[in-house]
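First the structure, in the form of structure tokens, and then the observations on it.
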Amino acid sequence: LRANRHWRVVGEGHHPLLQWDELADWQGDGLIAIPNTEAQLDALLAAHVPVVVAGSRFIHPLLTTVACDSAAIGRIAAEHLLSCRLEHFLFVGELAWENEQRRYRSFAATIAEAGYQCELLALPVNEEAASDGSARYRPDVDRLAEGLRSIPKPAGVCAPNSMLARFVVEVARNCGYDVPDQIAVLGVSDDPLVCES
């Protein structure tokens with residue numbers, strides 16, 4: 001916007017956001033969007049304006065995407081936990097999204113290159129998005145507890161986002177494990193509110 005002073009960002013509410021159900025009737029020149037469902041991705045593909053996707057859940061060859069390098073994220077996460085001299089590793093994730101799959105593959109490959117094994121806990125997550133863009137994120141905490149109990153300690157656990165990492169910490173503590181001495185948890189996204197609290 002600083003470089004293109006003639007641009008105008010439109011939307012409603014506290015943030016300049018266009019609601020997904022308003023997209024079909026919108027008369028703008030371009031979109032910057034973060035699709036979180038297949039229907040939202042389809043709506044962007046049907047838009048008759050240039051689109052930039054600013055998220056990494058979906059990587060589509062017809063859409064320009066500006067997103068984090070998920071393979072690098074997985075590698076750096078594994079390198080950090082390896083530097084903590086851990087020998088047991090668990091990746092916890094839903095693996096429903098492209099970014100999570102790439103993070104897991106890179107994390108597991110880096111752990112394997114170091115001579116260790118990475119266990120995978122494919123964890124169903126119930127994520128409900130509201131019309132205002134907010135969401136409820138609830139993983140299967142019983143299955144998460146079971147996964148944490150099954151891995152030898154001390155262990156390094158990687159979660160593909162801060163929300164899931166928060167649940168890992170809470171469930172580990174509820175199971176009586178010391179965090180980070182028995183279970184070291186590393187999350188991605190670095191959400192300040194989640195990480196600091």
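Residue numbering restarts at 1 in every chain; chains get A, B, ... in the order shown in the structure tokens, and ligands count up from 1 in that same order.
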Backbone-only DSSP, strand (DSSP E or B) members of region 23-168 of chain A, as a ChimeraX atom specification: /A:31-33,51-53,64-65,89-93,118-122,125-129,135-139,155-158
Once you count only C-alpha atoms, what closest atom pair and distance in Å to one decimal does each residue of region 83-113 of chain A within 9 Å of region 137-151 of chain A have, with rows by chain and rising residue number, as CSV?
```
residue,atom,partner,partner_atom,distance
A:His88,CA,A:Ile151,CA,7.2
A:Phe89,CA,A:Ile151,CA,7.8
A:Leu90,CA,A:Ile151,CA,7.5
A:Val92,CA,A:Leu144,CA,8.1
A:Glu94,CA,A:Pro139,CA,8.7
```
Could those selected residues go to a file with N, CA and C atoms, as a compact mmCIF listing (two decimals), in the first residue's frame?
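In the end it all went to selection-v1.txt:
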```txt
# COMPACT_ATOMS: atom_id res chain seq x y z
N HIS A 88 14.42 -39.52 21.07
CA HIS A 88 13.08 -40.02 20.76
C HIS A 88 12.25 -38.85 20.26
N PHE A 89 11.54 -39.08 19.15
CA PHE A 89 10.86 -37.98 18.48
C PHE A 89 9.46 -38.39 18.04
N LEU A 90 8.55 -37.42 18.14
CA LEU A 90 7.16 -37.63 17.74
C LEU A 90 6.69 -36.40 16.98
N VAL A 92 3.25 -34.70 15.74
CA VAL A 92 1.81 -34.75 15.98
C VAL A 92 1.14 -33.81 15.00
N GLU A 94 -2.51 -33.36 12.05
CA GLU A 94 -3.65 -33.89 11.33
C GLU A 94 -3.24 -34.41 9.95
```
From a DSSP pass on the backbone, collect the residues of region 1-126 of chain A flagged as alpha helix (DSSP H) and hand them back as a PyMOL selection string. chain A and resi 38-46+70-83+98-113
Quick one: residues within 12 Å of region 47-61 of chain A, only C-alpha atoms counted, chain neighbours fewer than 4 positions away excluded, as a compact mmCIF listing (two decimals) with all heavy atoms, in the first residue's frame?
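Listed below is the output, part-v2.txt:
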```txt
# COMPACT_ATOMS: atom_id res chain seq x y z
N TRP A 20 -16.30 -14.62 2.89
CA TRP A 20 -16.29 -15.56 1.76
C TRP A 20 -17.61 -15.56 1.01
O TRP A 20 -17.64 -15.69 -0.21
CB TRP A 20 -15.94 -16.97 2.25
CG TRP A 20 -14.49 -17.09 2.58
CD1 TRP A 20 -13.93 -17.03 3.82
CD2 TRP A 20 -13.41 -17.25 1.66
NE1 TRP A 20 -12.56 -17.14 3.72
CE2 TRP A 20 -12.21 -17.28 2.41
CE3 TRP A 20 -13.33 -17.36 0.28
CZ2 TRP A 20 -10.96 -17.43 1.83
CZ3 TRP A 20 -12.09 -17.52 -0.31
CH2 TRP A 20 -10.91 -17.55 0.47
N GLU A 22 -19.43 -13.16 0.35
CA GLU A 22 -19.57 -11.92 -0.42
C GLU A 22 -18.67 -11.92 -1.66
O GLU A 22 -18.74 -11.00 -2.48
CB GLU A 22 -19.20 -10.72 0.45
CG GLU A 22 -20.08 -10.56 1.67
CD GLU A 22 -19.54 -9.54 2.65
OE1 GLU A 22 -18.33 -9.22 2.59
OE2 GLU A 22 -20.31 -9.06 3.48
N LEU A 23 -17.85 -12.94 -1.80
CA LEU A 23 -16.85 -12.96 -2.86
C LEU A 23 -17.45 -12.96 -4.27
O LEU A 23 -16.96 -12.26 -5.15
CB LEU A 23 -15.93 -14.17 -2.68
CG LEU A 23 -14.75 -14.31 -3.63
CD1 LEU A 23 -13.85 -13.09 -3.54
CD2 LEU A 23 -13.97 -15.57 -3.30
N ALA A 24 -18.51 -13.70 -4.47
CA ALA A 24 -19.09 -13.83 -5.81
C ALA A 24 -19.60 -12.49 -6.35
O ALA A 24 -19.55 -12.24 -7.55
CB ALA A 24 -20.22 -14.85 -5.80
N ASP A 25 -20.06 -11.61 -5.48
CA ASP A 25 -20.62 -10.32 -5.91
C ASP A 25 -19.61 -9.18 -5.82
O ASP A 25 -19.95 -8.04 -6.14
CB ASP A 25 -21.85 -9.97 -5.06
CG ASP A 25 -22.95 -11.00 -5.22
OD1 ASP A 25 -23.10 -11.52 -6.35
OD2 ASP A 25 -23.65 -11.28 -4.24
N TRP A 26 -18.40 -9.47 -5.41
CA TRP A 26 -17.42 -8.42 -5.18
C TRP A 26 -16.87 -7.88 -6.49
O TRP A 26 -16.59 -8.63 -7.41
CB TRP A 26 -16.30 -8.97 -4.29
CG TRP A 26 -15.31 -7.94 -3.85
CD1 TRP A 26 -15.55 -6.87 -3.04
CD2 TRP A 26 -13.93 -7.90 -4.19
NE1 TRP A 26 -14.40 -6.17 -2.86
CE2 TRP A 26 -13.39 -6.76 -3.56
CE3 TRP A 26 -13.11 -8.70 -4.96
CZ2 TRP A 26 -12.06 -6.41 -3.67
CZ3 TRP A 26 -11.79 -8.35 -5.08
CH2 TRP A 26 -11.26 -7.22 -4.44
N GLN A 27 -16.69 -6.58 -6.57
CA GLN A 27 -16.26 -5.93 -7.81
C GLN A 27 -14.88 -5.29 -7.67
O GLN A 27 -14.67 -4.17 -8.09
CB GLN A 27 -17.28 -4.85 -8.22
CG GLN A 27 -18.66 -5.39 -8.49
CD GLN A 27 -18.69 -6.34 -9.67
OE1 GLN A 27 -18.12 -6.06 -10.71
NE2 GLN A 27 -19.34 -7.48 -9.50
N GLY A 28 -13.93 -5.99 -7.09
CA GLY A 28 -12.60 -5.44 -6.91
C GLY A 28 -11.66 -5.83 -8.03
O GLY A 28 -12.03 -6.48 -9.00
N ASP A 29 -10.40 -5.43 -7.88
CA ASP A 29 -9.39 -5.67 -8.91
C ASP A 29 -8.47 -6.84 -8.60
O ASP A 29 -7.75 -7.32 -9.47
CB ASP A 29 -8.53 -4.41 -9.09
CG ASP A 29 -9.35 -3.25 -9.60
OD1 ASP A 29 -10.08 -3.44 -10.59
OD2 ASP A 29 -9.27 -2.16 -9.01
N GLY A 30 -8.43 -7.31 -7.36
CA GLY A 30 -7.55 -8.40 -7.00
C GLY A 30 -7.83 -8.86 -5.58
O GLY A 30 -8.47 -8.15 -4.80
N LEU A 31 -7.35 -10.05 -5.26
CA LEU A 31 -7.60 -10.64 -3.94
C LEU A 31 -6.30 -11.15 -3.33
O LEU A 31 -5.47 -11.73 -4.02
CB LEU A 31 -8.56 -11.83 -4.06
CG LEU A 31 -9.99 -11.53 -4.48
CD1 LEU A 31 -10.69 -12.82 -4.89
CD2 LEU A 31 -10.73 -10.87 -3.32
N ILE A 32 -6.18 -10.94 -2.04
CA ILE A 32 -5.16 -11.60 -1.22
C ILE A 32 -5.96 -12.43 -0.23
O ILE A 32 -6.78 -11.87 0.52
CB ILE A 32 -4.26 -10.59 -0.49
CG1 ILE A 32 -3.54 -9.70 -1.50
CG2 ILE A 32 -3.26 -11.33 0.41
CD1 ILE A 32 -2.80 -8.52 -0.87
N ALA A 33 -5.77 -13.73 -0.24
CA ALA A 33 -6.65 -14.59 0.54
C ALA A 33 -5.90 -15.74 1.18
O ALA A 33 -4.82 -16.13 0.73
CB ALA A 33 -7.75 -15.15 -0.37
N ILE A 34 -6.50 -16.28 2.24
CA ILE A 34 -5.99 -17.47 2.91
C ILE A 34 -7.11 -18.50 2.94
O ILE A 34 -7.95 -18.49 3.83
CB ILE A 34 -5.50 -17.16 4.34
CG1 ILE A 34 -4.44 -16.07 4.32
CG2 ILE A 34 -4.97 -18.43 5.01
CD1 ILE A 34 -3.99 -15.60 5.70
N PRO A 35 -7.18 -19.36 1.92
CA PRO A 35 -8.25 -20.37 1.91
C PRO A 35 -7.98 -21.48 2.93
O PRO A 35 -6.87 -21.97 3.04
CB PRO A 35 -8.20 -20.92 0.48
CG PRO A 35 -6.77 -20.71 0.05
CD PRO A 35 -6.32 -19.45 0.75
N ASN A 36 -9.03 -21.84 3.67
CA ASN A 36 -8.92 -22.90 4.67
C ASN A 36 -9.81 -24.09 4.38
O ASN A 36 -9.85 -25.03 5.16
CB ASN A 36 -9.22 -22.34 6.06
CG ASN A 36 -8.10 -21.45 6.55
OD1 ASN A 36 -6.93 -21.80 6.47
ND2 ASN A 36 -8.45 -20.28 7.04
N THR A 37 -10.55 -24.02 3.28
CA THR A 37 -11.40 -25.14 2.88
C THR A 37 -11.31 -25.30 1.36
O THR A 37 -10.92 -24.36 0.65
CB THR A 37 -12.88 -24.91 3.27
OG1 THR A 37 -13.39 -23.82 2.49
CG2 THR A 37 -13.05 -24.63 4.76
N GLU A 38 -11.70 -26.47 0.89
CA GLU A 38 -11.73 -26.71 -0.56
C GLU A 38 -12.71 -25.76 -1.24
O GLU A 38 -12.46 -25.28 -2.35
CB GLU A 38 -12.12 -28.16 -0.85
CG GLU A 38 -11.09 -29.19 -0.44
CD GLU A 38 -9.93 -29.30 -1.41
OE1 GLU A 38 -9.99 -28.71 -2.51
OE2 GLU A 38 -8.95 -29.98 -1.07
N ALA A 39 -13.84 -25.46 -0.57
CA ALA A 39 -14.83 -24.55 -1.15
C ALA A 39 -14.25 -23.15 -1.31
O ALA A 39 -14.50 -22.48 -2.32
CB ALA A 39 -16.08 -24.51 -0.27
N GLN A 40 -13.47 -22.71 -0.33
CA GLN A 40 -12.84 -21.39 -0.44
C GLN A 40 -11.81 -21.38 -1.57
O GLN A 40 -11.70 -20.41 -2.31
CB GLN A 40 -12.21 -21.00 0.89
CG GLN A 40 -13.23 -20.73 1.97
CD GLN A 40 -12.62 -20.53 3.34
OE1 GLN A 40 -11.42 -20.72 3.55
NE2 GLN A 40 -13.45 -20.15 4.30
N LEU A 41 -11.06 -22.47 -1.71
CA LEU A 41 -10.10 -22.57 -2.80
C LEU A 41 -10.82 -22.51 -4.15
O LEU A 41 -10.40 -21.80 -5.06
CB LEU A 41 -9.29 -23.86 -2.68
CG LEU A 41 -8.24 -24.09 -3.76
CD1 LEU A 41 -7.16 -23.02 -3.72
CD2 LEU A 41 -7.63 -25.47 -3.61
N ASP A 42 -11.93 -23.23 -4.26
CA ASP A 42 -12.71 -23.21 -5.50
C ASP A 42 -13.24 -21.81 -5.81
O ASP A 42 -13.26 -21.39 -6.97
CB ASP A 42 -13.88 -24.20 -5.41
CG ASP A 42 -13.42 -25.65 -5.43
OD1 ASP A 42 -12.26 -25.91 -5.84
OD2 ASP A 42 -14.20 -26.53 -5.01
N ALA A 43 -13.64 -21.08 -4.77
CA ALA A 43 -14.14 -19.72 -4.97
C ALA A 43 -13.04 -18.81 -5.51
O ALA A 43 -13.28 -17.97 -6.38
CB ALA A 43 -14.69 -19.16 -3.66
N THR A 65 1.28 -18.09 -4.78
CA THR A 65 1.27 -18.29 -3.33
C THR A 65 2.50 -17.66 -2.71
O THR A 65 3.61 -17.83 -3.20
CB THR A 65 1.23 -19.79 -2.99
OG1 THR A 65 0.06 -20.37 -3.57
CG2 THR A 65 1.21 -20.02 -1.49
N VAL A 66 2.27 -16.93 -1.63
CA VAL A 66 3.35 -16.40 -0.80
C VAL A 66 3.18 -17.06 0.56
O VAL A 66 2.21 -16.80 1.26
CB VAL A 66 3.27 -14.86 -0.67
CG1 VAL A 66 4.36 -14.34 0.24
CG2 VAL A 66 3.33 -14.21 -2.04
N ALA A 67 4.10 -17.96 0.91
CA ALA A 67 3.94 -18.73 2.13
C ALA A 67 5.29 -19.14 2.68
O ALA A 67 6.32 -19.01 2.02
CB ALA A 67 3.09 -19.97 1.85
N CYS A 68 5.26 -19.66 3.88
CA CYS A 68 6.47 -20.17 4.52
C CYS A 68 6.97 -21.41 3.78
O CYS A 68 6.19 -22.13 3.16
CB CYS A 68 6.16 -20.56 5.96
SG CYS A 68 5.62 -19.21 6.99
N ASP A 69 8.25 -21.66 3.87
CA ASP A 69 8.87 -22.85 3.29
C ASP A 69 8.70 -23.99 4.30
O ASP A 69 9.49 -24.13 5.23
CB ASP A 69 10.34 -22.56 3.01
CG ASP A 69 11.05 -23.73 2.34
OD1 ASP A 69 10.56 -24.88 2.42
OD2 ASP A 69 12.13 -23.48 1.76
N SER A 70 7.66 -24.79 4.11
CA SER A 70 7.33 -25.83 5.08
C SER A 70 8.40 -26.90 5.19
O SER A 70 8.61 -27.47 6.27
CB SER A 70 5.98 -26.46 4.74
OG SER A 70 4.94 -25.53 5.00
N ALA A 71 9.11 -27.20 4.10
CA ALA A 71 10.20 -28.18 4.17
C ALA A 71 11.33 -27.65 5.06
O ALA A 71 11.89 -28.39 5.88
CB ALA A 71 10.71 -28.51 2.79
N GLU A 94 -2.51 -33.36 12.05
CA GLU A 94 -3.65 -33.89 11.33
C GLU A 94 -3.24 -34.41 9.95
O GLU A 94 -3.80 -35.36 9.43
CB GLU A 94 -4.70 -32.79 11.18
CG GLU A 94 -5.99 -33.24 10.60
CD GLU A 94 -7.02 -32.14 10.59
OE1 GLU A 94 -6.66 -30.96 10.71
OE2 GLU A 94 -8.20 -32.47 10.44
N LEU A 95 -2.24 -33.76 9.35
CA LEU A 95 -1.73 -34.09 8.01
C LEU A 95 -2.80 -33.97 6.93
O LEU A 95 -2.71 -34.63 5.90
CB LEU A 95 -1.07 -35.46 7.98
CG LEU A 95 0.11 -35.68 8.92
CD1 LEU A 95 0.75 -37.03 8.66
CD2 LEU A 95 1.14 -34.58 8.82
N ALA A 96 -3.78 -33.13 7.17
CA ALA A 96 -4.82 -32.91 6.17
C ALA A 96 -4.43 -31.83 5.17
O ALA A 96 -5.03 -31.71 4.12
CB ALA A 96 -6.13 -32.50 6.86
N TRP A 97 -3.41 -31.05 5.51
CA TRP A 97 -3.03 -29.90 4.69
C TRP A 97 -1.64 -30.11 4.10
O TRP A 97 -0.78 -30.75 4.69
CB TRP A 97 -3.05 -28.62 5.53
CG TRP A 97 -4.32 -28.46 6.29
CD1 TRP A 97 -4.50 -28.61 7.63
CD2 TRP A 97 -5.60 -28.15 5.75
NE1 TRP A 97 -5.81 -28.40 7.96
CE2 TRP A 97 -6.51 -28.12 6.82
CE3 TRP A 97 -6.07 -27.89 4.46
CZ2 TRP A 97 -7.86 -27.83 6.64
CZ3 TRP A 97 -7.42 -27.61 4.29
CH2 TRP A 97 -8.29 -27.58 5.37
N GLU A 98 -1.43 -29.50 2.96
CA GLU A 98 -0.15 -29.59 2.26
C GLU A 98 1.00 -29.15 3.15
O GLU A 98 2.05 -29.79 3.20
CB GLU A 98 -0.21 -28.74 0.98
CG GLU A 98 1.07 -28.73 0.19
CD GLU A 98 1.34 -30.01 -0.56
OE1 GLU A 98 0.40 -30.78 -0.82
OE2 GLU A 98 2.52 -30.24 -0.90
N ASN A 99 0.83 -28.04 3.88
CA ASN A 99 1.94 -27.54 4.70
C ASN A 99 2.30 -28.51 5.81
O ASN A 99 3.48 -28.72 6.10
CB ASN A 99 1.63 -26.15 5.26
CG ASN A 99 0.39 -26.09 6.12
OD1 ASN A 99 -0.35 -27.06 6.26
ND2 ASN A 99 0.15 -24.93 6.69
N GLU A 100 1.32 -29.14 6.44
CA GLU A 100 1.61 -30.12 7.50
C GLU A 100 2.33 -31.34 6.94
O GLU A 100 3.25 -31.86 7.57
CB GLU A 100 0.33 -30.55 8.20
CG GLU A 100 -0.28 -29.49 9.07
CD GLU A 100 -1.45 -30.02 9.89
OE1 GLU A 100 -1.69 -31.25 9.90
OE2 GLU A 100 -2.11 -29.19 10.53
N GLN A 101 1.92 -31.80 5.78
CA GLN A 101 2.56 -32.96 5.17
C GLN A 101 4.01 -32.67 4.84
O GLN A 101 4.90 -33.50 5.10
CB GLN A 101 1.80 -33.36 3.90
CG GLN A 101 0.40 -33.85 4.18
CD GLN A 101 -0.46 -33.93 2.94
OE1 GLN A 101 0.05 -33.88 1.82
NE2 GLN A 101 -1.77 -34.03 3.12
N ARG A 102 4.28 -31.49 4.28
CA ARG A 102 5.66 -31.12 3.96
C ARG A 102 6.50 -30.98 5.22
O ARG A 102 7.66 -31.40 5.25
CB ARG A 102 5.69 -29.82 3.16
CG ARG A 102 5.19 -29.97 1.75
CD ARG A 102 5.27 -28.67 1.00
NE ARG A 102 4.72 -28.84 -0.34
CZ ARG A 102 4.95 -28.03 -1.33
NH1 ARG A 102 5.73 -26.98 -1.17
NH2 ARG A 102 4.41 -28.23 -2.52
N ARG A 103 5.93 -30.39 6.26
CA ARG A 103 6.67 -30.23 7.53
C ARG A 103 7.00 -31.59 8.13
O ARG A 103 8.11 -31.81 8.60
CB ARG A 103 5.86 -29.37 8.50
CG ARG A 103 5.79 -27.93 8.05
CD ARG A 103 4.82 -27.08 8.83
NE ARG A 103 4.71 -25.78 8.16
CZ ARG A 103 3.95 -24.79 8.55
NH1 ARG A 103 3.20 -24.92 9.64
NH2 ARG A 103 3.93 -23.66 7.89
N PRO A 160 2.74 -29.02 13.95
CA PRO A 160 2.85 -28.15 12.78
C PRO A 160 2.28 -26.75 12.95
O PRO A 160 2.37 -25.93 12.05
CB PRO A 160 2.08 -28.91 11.70
CG PRO A 160 1.07 -29.70 12.47
CD PRO A 160 1.74 -30.07 13.76
N ASN A 161 1.69 -26.45 14.12
CA ASN A 161 1.21 -25.10 14.39
C ASN A 161 1.16 -24.85 15.89
O ASN A 161 1.20 -25.78 16.69
CB ASN A 161 -0.16 -24.87 13.74
CG ASN A 161 -1.22 -25.82 14.25
OD1 ASN A 161 -1.56 -25.82 15.42
ND2 ASN A 161 -1.75 -26.66 13.36
N SER A 189 4.54 -21.47 13.82
CA SER A 189 3.70 -20.27 13.64
C SER A 189 4.07 -19.18 14.63
O SER A 189 3.87 -18.02 14.35
CB SER A 189 2.20 -20.53 13.74
OG SER A 189 1.80 -21.50 12.83
```
Just the residues within 10 Å of Leu86 (chain A), please, counting only C-alpha atoms, with nothing from its chain fewer than 6 positions along; format it as a list of chain:residue names. A:His80, A:Tyr116, A:Lys153, A:Pro154, A:Ala155, A:Gly156, A:Gln182, A:Ile183, A:Ala184
Rounded to one decimal in Å, what is the spacing between CA of Ser106 (chain A) and CA of Asn174 (chain A)? 29.6 Å
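Across A:Cys175, A:Pro124, A:Glu87, A:Ile76, the tightest approach to Gly187 (chain A) is made by A:Ile76 when counting only C-alpha atoms.
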I need the residue nearest Leu121 (chain A) from this list: A:Ala46, A:Ala108, A:Gly93, A:Leu186. Use only C-alpha atoms for the distance. A:Gly93
